[in-house]
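Trainee: Here's a structure for you.
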Amino acid sequence: MKLALATIMLTAWHCSRALAFQSPAFRRSILQKHGHRDINLLKRYMSSSSTATKSYDIENKERGIVGKFEPTLFESDIYKWWESSGCFDPDAKGPSDKESYVLPMPPPNVTGRLHMGHAMFVALQDVLARFHRMRGRPVLWLPGTDHAGIATQLQVEKLLISEGTTREEVGREEFLRRVWEYKEEQGGHITRQLRCLGASADWGRERFTMDADLSEAVSEAFVRLHEKGLVYRGEYMVNWAPLLKTAVSDLEVEYSEEEGKLFYFKYMVEGSEEFLPVATTRPETILGDTAVCVHPDDERYKHLVGKNA
């Protein structure tokens, strides 16, 4: 399976590059951008005849292509050509009698930056999208970004604190304005990075989780789930952020190892001088204790079963 995926990716990449170099408009843009030396180099490259029996190294040396490959000289222009030519638009070729293939992109945080998780899902989804395009199916890889409310709020609050104020002091409306301003300033980096990975998504259909129609759909979904009794409000343990005054997921928590203490105390048995020793790292829970459990076969404590402490 790994070999098959690698083969598909490599084939798609080489095919796309070959198509790009065959485009006169693309060649002109490359030549204009990189100067006279590259014009002569590319002319020699494009005019030379390929020989299947020659190795790539020998051919390249004969054509004057030596030294290391500089992807920055070509890849951004290739991608722009792909995008401007509508290569990722499922409707580009008109109506099709084949079944459509749709992949929704797991939306990365709009103010985030690229990490290994993004690289992983882009590689897998891009292989699937390109594979089904080569089979002639209309493919929609739907891109989008997530609002990342808590992470964005934290960054905006840090900015406000650096200015000597807080969200409570500036008020709700001003704080919301600052959040949207921060989103406009910082948003877009992640999608540019995804483009650099070669993600063949239809960026003309890019969505944002705070778009009005998407927010309406989310509200409708939760209302229906509540009406069916599938979601409800209850009490449970949460990770509480004292600065943001909200609950955060386990993924948002920063863990640290600290030296703890073991506290010992005695539960005195009612009507006797006996006691039951208990050790805990959380002495604040003692006030909530309502019973003490012992193993019924433990000779030390089995005679205390049923007594009060």
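Ordered as shown in the structure tokens, chains take letters A, B, and onward, while each chain numbers its residues from 1 and ligands are numbered from 1 in the order shown.
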Show which residues sit within 12 Å of segment 213-224 of chain A, as a list in words. Count only C-alpha atoms, and ignore same-chain residues fewer than 5 positions away.
Mentor: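 Residues meeting the cut-off are Gly144, Thr145, Asp146, His147, Arg207, Phe208, Gly229, Leu230, Val231 and Tyr232 of chain A.
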Trainee: Please indicate the distance in Å from atom CA of Arg205 of chain A to atom CA of Val102 of chain A, rounded to one decimal place.
Mentor: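 Here the two named atoms are 12.5 Å from each other.
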Trainee: Identify, on the basis of only C-alpha atoms, every residue whose closest approach to Asn308 of chain A does not exceed 9 Å; exclude the query and any residue fewer than 4 positions from it along the same chain; express the result as a VMD selection string.
Mentor: chain A and resid 268 to 271 291 304
Trainee: Can you tell me which residues surround Pro71 of chain A at a distance of at most 12 Å, considering only C-alpha atoms, apart from same-chain residues fewer than 4 positions away, and format the answer as number ranges by chain?
Mentor: A: 17, 75-79, 196-197
Trainee: Counting only C-alpha atoms, what is within 10 Å of Pro108 of chain A, bar same-chain residues fewer than 2 positions away, as a VMD selection string?
Mentor: chain A and resid 105 to 106 110 to 114 117 to 118 143 to 148 190 to 191 194
Trainee: Write out as a count of residues only all residues of segment 80-177 of chain A that backbone DSSP assigns to strand (DSSP E).
Mentor: 10
Trainee: Write out as a PyMOL selection string each polymer residue whose atoms come within 8 Å of segment 243-255 of chain A, counting only C-alpha atoms; drop sequence neighbours fewer than 5 positions from it.
Mentor: chain A and resi 150+153-154+238
Trainee: Those same residues - N, CA and C atoms - I'd like them written as a PDB file, in the first residue's frame.
Mentor:
```
ATOM      1  N   ILE A 150     -10.695  29.836  20.769  1.00  0.00           N
ATOM      2  CA  ILE A 150      -9.956  29.980  22.029  1.00  0.00           C
ATOM      3  C   ILE A 150      -8.520  30.407  21.762  1.00  0.00           C
ATOM      4  N   GLN A 153      -8.547  34.013  20.626  1.00  0.00           N
ATOM      5  CA  GLN A 153      -8.865  34.892  21.751  1.00  0.00           C
ATOM      6  C   GLN A 153      -7.647  35.078  22.663  1.00  0.00           C
ATOM      7  N   LEU A 154      -6.919  34.000  22.902  1.00  0.00           N
ATOM      8  CA  LEU A 154      -5.737  34.087  23.763  1.00  0.00           C
ATOM      9  C   LEU A 154      -4.717  35.061  23.189  1.00  0.00           C
ATOM     10  N   VAL A 238     -13.738  19.345  33.703  1.00  0.00           N
ATOM     11  CA  VAL A 238     -13.214  20.068  32.540  1.00  0.00           C
ATOM     12  C   VAL A 238     -11.855  20.657  32.884  1.00  0.00           C
TER      13      VAL A 238
END
```
Trainee: Please determine, counting only C-alpha atoms, which residue among A:Glu99, A:Glu163, A:Asp297, A:Glu157 has the shortest atom-to-atom distance to Gly136 of chain A.
Mentor: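 Ranked by minimum distance to Gly136 of chain A, first place goes to A:Glu99.
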Trainee: For the atom pair atom CA of Pro138 of chain A and atom CA of Ala119 of chain A, what is the interatomic distance in Å to one decimal place?
Mentor: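 Separation between atom CA of Pro138 of chain A and atom CA of Ala119 of chain A: 24.0 Å.
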Trainee: Do you know which residues are at most 10 Å from Arg178 of chain A counting only C-alpha atoms, after dropping those on the same chain fewer than 3 positions away, and could you put them as a ChimeraX atom specification?
Mentor: /A:153,156-157,159-160,167,170,172-175,181-184
Trainee: Export, as a tab-separated table (two decimals), in the first residue's frame, the selected residues with N, CA, C and O atoms.
Mentor:
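That gives us part_3.tsv:
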```tsv
chain	number	residue	atom	x	y	z
A	153	GLN	N	-8.55	34.01	20.63
A	153	GLN	CA	-8.86	34.89	21.75
A	153	GLN	C	-7.65	35.08	22.66
A	153	GLN	O	-7.37	36.19	23.12
A	156	VAL	N	-5.25	37.56	21.08
A	156	VAL	CA	-5.77	38.93	21.12
A	156	VAL	C	-5.69	39.47	22.55
A	156	VAL	O	-5.34	40.64	22.76
A	157	GLU	N	-5.98	38.64	23.52
A	157	GLU	CA	-5.89	39.09	24.92
A	157	GLU	C	-4.46	39.43	25.30
A	157	GLU	O	-4.22	40.39	26.05
A	159	LEU	N	-2.27	40.65	23.26
A	159	LEU	CA	-2.03	41.96	22.64
A	159	LEU	C	-2.63	43.07	23.49
A	159	LEU	O	-2.01	44.12	23.69
A	160	LEU	N	-3.84	42.86	23.98
A	160	LEU	CA	-4.50	43.88	24.81
A	160	LEU	C	-3.72	44.12	26.10
A	160	LEU	O	-3.55	45.26	26.55
A	167	ARG	N	-9.91	42.73	27.85
A	167	ARG	CA	-11.13	42.62	27.05
A	167	ARG	C	-12.33	43.17	27.81
A	167	ARG	O	-13.28	43.68	27.19
A	170	VAL	N	-12.18	47.05	27.27
A	170	VAL	CA	-12.50	47.56	25.93
A	170	VAL	C	-13.95	47.26	25.55
A	170	VAL	O	-14.51	47.92	24.67
A	172	ARG	N	-17.31	44.34	24.73
A	172	ARG	CA	-17.58	43.24	23.81
A	172	ARG	C	-17.39	43.64	22.34
A	172	ARG	O	-16.71	42.94	21.59
A	173	GLU	N	-17.99	44.74	21.93
A	173	GLU	CA	-17.95	45.12	20.52
A	173	GLU	C	-16.53	45.40	20.04
A	173	GLU	O	-16.12	44.97	18.97
A	174	GLU	N	-15.76	46.13	20.84
A	174	GLU	CA	-14.39	46.44	20.46
A	174	GLU	C	-13.53	45.19	20.46
A	174	GLU	O	-12.67	45.01	19.59
A	175	PHE	N	-13.79	44.30	21.43
A	175	PHE	CA	-13.01	43.06	21.48
A	175	PHE	C	-13.29	42.21	20.23
A	175	PHE	O	-12.36	41.66	19.63
A	181	GLU	N	-10.01	41.64	13.30
A	181	GLU	CA	-8.84	42.32	12.75
A	181	GLU	C	-7.63	41.40	12.80
A	181	GLU	O	-6.84	41.31	11.84
A	182	TYR	N	-7.46	40.70	13.92
A	182	TYR	CA	-6.35	39.76	14.08
A	182	TYR	C	-6.48	38.61	13.06
A	182	TYR	O	-5.49	38.17	12.47
A	183	LYS	N	-7.72	38.15	12.85
A	183	LYS	CA	-7.95	37.08	11.88
A	183	LYS	C	-7.55	37.51	10.48
A	183	LYS	O	-6.94	36.75	9.72
A	184	GLU	N	-7.89	38.76	10.11
A	184	GLU	CA	-7.54	39.25	8.78
A	184	GLU	C	-6.03	39.41	8.62
A	184	GLU	O	-5.48	39.17	7.55
```
Trainee: To one decimal place, how far is atom CA of Leu276 of chain A from atom CA of Ala309 of chain A in Å?
Mentor: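 Going from atom CA of Leu276 of chain A over to atom CA of Ala309 of chain A, I get 8.2 Å.
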Trainee: As a VMD selection string, please: every residue in segment 84-149 of chain A that DSSP puts in alpha helix (DSSP H).
Mentor: chain A and resid 84 116 to 134 149
Trainee: Mind dumping the selected residues with N, CA and C atoms as a PDB file, in the first residue's frame?
Mentor:
```pdb
ATOM      1  N   SER A  84      -4.705  28.866 -11.869  1.00  0.00           N
ATOM      2  CA  SER A  84      -5.326  29.792 -12.822  1.00  0.00           C
ATOM      3  C   SER A  84      -5.947  29.071 -14.014  1.00  0.00           C
ATOM      4  N   MET A 116       3.254  18.873  11.129  1.00  0.00           N
ATOM      5  CA  MET A 116       3.304  17.543  10.524  1.00  0.00           C
ATOM      6  C   MET A 116       1.917  16.968  10.276  1.00  0.00           C
ATOM      7  N   GLY A 117       0.954  17.293  11.145  1.00  0.00           N
ATOM      8  CA  GLY A 117      -0.406  16.802  10.943  1.00  0.00           C
ATOM      9  C   GLY A 117      -0.997  17.302   9.641  1.00  0.00           C
ATOM     10  N   HIS A 118      -0.754  18.587   9.332  1.00  0.00           N
ATOM     11  CA  HIS A 118      -1.239  19.139   8.064  1.00  0.00           C
ATOM     12  C   HIS A 118      -0.559  18.444   6.884  1.00  0.00           C
ATOM     13  N   ALA A 119       0.744  18.265   6.982  1.00  0.00           N
ATOM     14  CA  ALA A 119       1.478  17.618   5.894  1.00  0.00           C
ATOM     15  C   ALA A 119       0.956  16.206   5.646  1.00  0.00           C
ATOM     16  N   MET A 120       0.567  15.522   6.724  1.00  0.00           N
ATOM     17  CA  MET A 120       0.061  14.162   6.594  1.00  0.00           C
ATOM     18  C   MET A 120      -1.275  14.124   5.854  1.00  0.00           C
ATOM     19  N   PHE A 121      -2.243  14.946   6.297  1.00  0.00           N
ATOM     20  CA  PHE A 121      -3.553  14.862   5.645  1.00  0.00           C
ATOM     21  C   PHE A 121      -3.495  15.408   4.221  1.00  0.00           C
ATOM     22  N   VAL A 122      -2.638  16.404   3.959  1.00  0.00           N
ATOM     23  CA  VAL A 122      -2.514  16.925   2.595  1.00  0.00           C
ATOM     24  C   VAL A 122      -1.960  15.845   1.669  1.00  0.00           C
ATOM     25  N   ALA A 123      -0.952  15.120   2.123  1.00  0.00           N
ATOM     26  CA  ALA A 123      -0.365  14.065   1.290  1.00  0.00           C
ATOM     27  C   ALA A 123      -1.408  13.005   0.940  1.00  0.00           C
ATOM     28  N   LEU A 124      -2.166  12.557   1.943  1.00  0.00           N
ATOM     29  CA  LEU A 124      -3.142  11.492   1.717  1.00  0.00           C
ATOM     30  C   LEU A 124      -4.302  11.964   0.839  1.00  0.00           C
ATOM     31  N   GLN A 125      -4.871  13.140   1.172  1.00  0.00           N
ATOM     32  CA  GLN A 125      -6.013  13.615   0.395  1.00  0.00           C
ATOM     33  C   GLN A 125      -5.609  14.033  -1.016  1.00  0.00           C
ATOM     34  N   ASP A 126      -4.416  14.590  -1.161  1.00  0.00           N
ATOM     35  CA  ASP A 126      -3.965  15.001  -2.487  1.00  0.00           C
ATOM     36  C   ASP A 126      -3.777  13.791  -3.389  1.00  0.00           C
ATOM     37  N   VAL A 127      -3.245  12.696  -2.843  1.00  0.00           N
ATOM     38  CA  VAL A 127      -3.095  11.466  -3.627  1.00  0.00           C
ATOM     39  C   VAL A 127      -4.464  10.983  -4.105  1.00  0.00           C
ATOM     40  N   LEU A 128      -5.458  10.978  -3.203  1.00  0.00           N
ATOM     41  CA  LEU A 128      -6.795  10.516  -3.578  1.00  0.00           C
ATOM     42  C   LEU A 128      -7.413  11.425  -4.638  1.00  0.00           C
ATOM     43  N   ALA A 129      -7.278  12.750  -4.446  1.00  0.00           N
ATOM     44  CA  ALA A 129      -7.864  13.696  -5.399  1.00  0.00           C
ATOM     45  C   ALA A 129      -7.250  13.533  -6.787  1.00  0.00           C
ATOM     46  N   ARG A 130      -5.927  13.477  -6.857  1.00  0.00           N
ATOM     47  CA  ARG A 130      -5.259  13.355  -8.155  1.00  0.00           C
ATOM     48  C   ARG A 130      -5.524  11.985  -8.806  1.00  0.00           C
ATOM     49  N   PHE A 131      -5.588  10.958  -7.990  1.00  0.00           N
ATOM     50  CA  PHE A 131      -5.849   9.620  -8.521  1.00  0.00           C
ATOM     51  C   PHE A 131      -7.215   9.573  -9.202  1.00  0.00           C
ATOM     52  N   HIS A 132      -8.240  10.101  -8.537  1.00  0.00           N
ATOM     53  CA  HIS A 132      -9.580  10.049  -9.122  1.00  0.00           C
ATOM     54  C   HIS A 132      -9.724  11.020 -10.292  1.00  0.00           C
ATOM     55  N   ARG A 133      -8.974  12.130 -10.302  1.00  0.00           N
ATOM     56  CA  ARG A 133      -8.975  13.003 -11.483  1.00  0.00           C
ATOM     57  C   ARG A 133      -8.424  12.253 -12.691  1.00  0.00           C
ATOM     58  N   MET A 134      -7.344  11.490 -12.472  1.00  0.00           N
ATOM     59  CA  MET A 134      -6.756  10.732 -13.580  1.00  0.00           C
ATOM     60  C   MET A 134      -7.698   9.656 -14.085  1.00  0.00           C
ATOM     61  N   GLY A 149     -11.412  29.635  17.912  1.00  0.00           N
ATOM     62  CA  GLY A 149     -11.854  30.706  18.800  1.00  0.00           C
ATOM     63  C   GLY A 149     -10.993  30.918  20.030  1.00  0.00           C
TER      64      GLY A 149
END
```
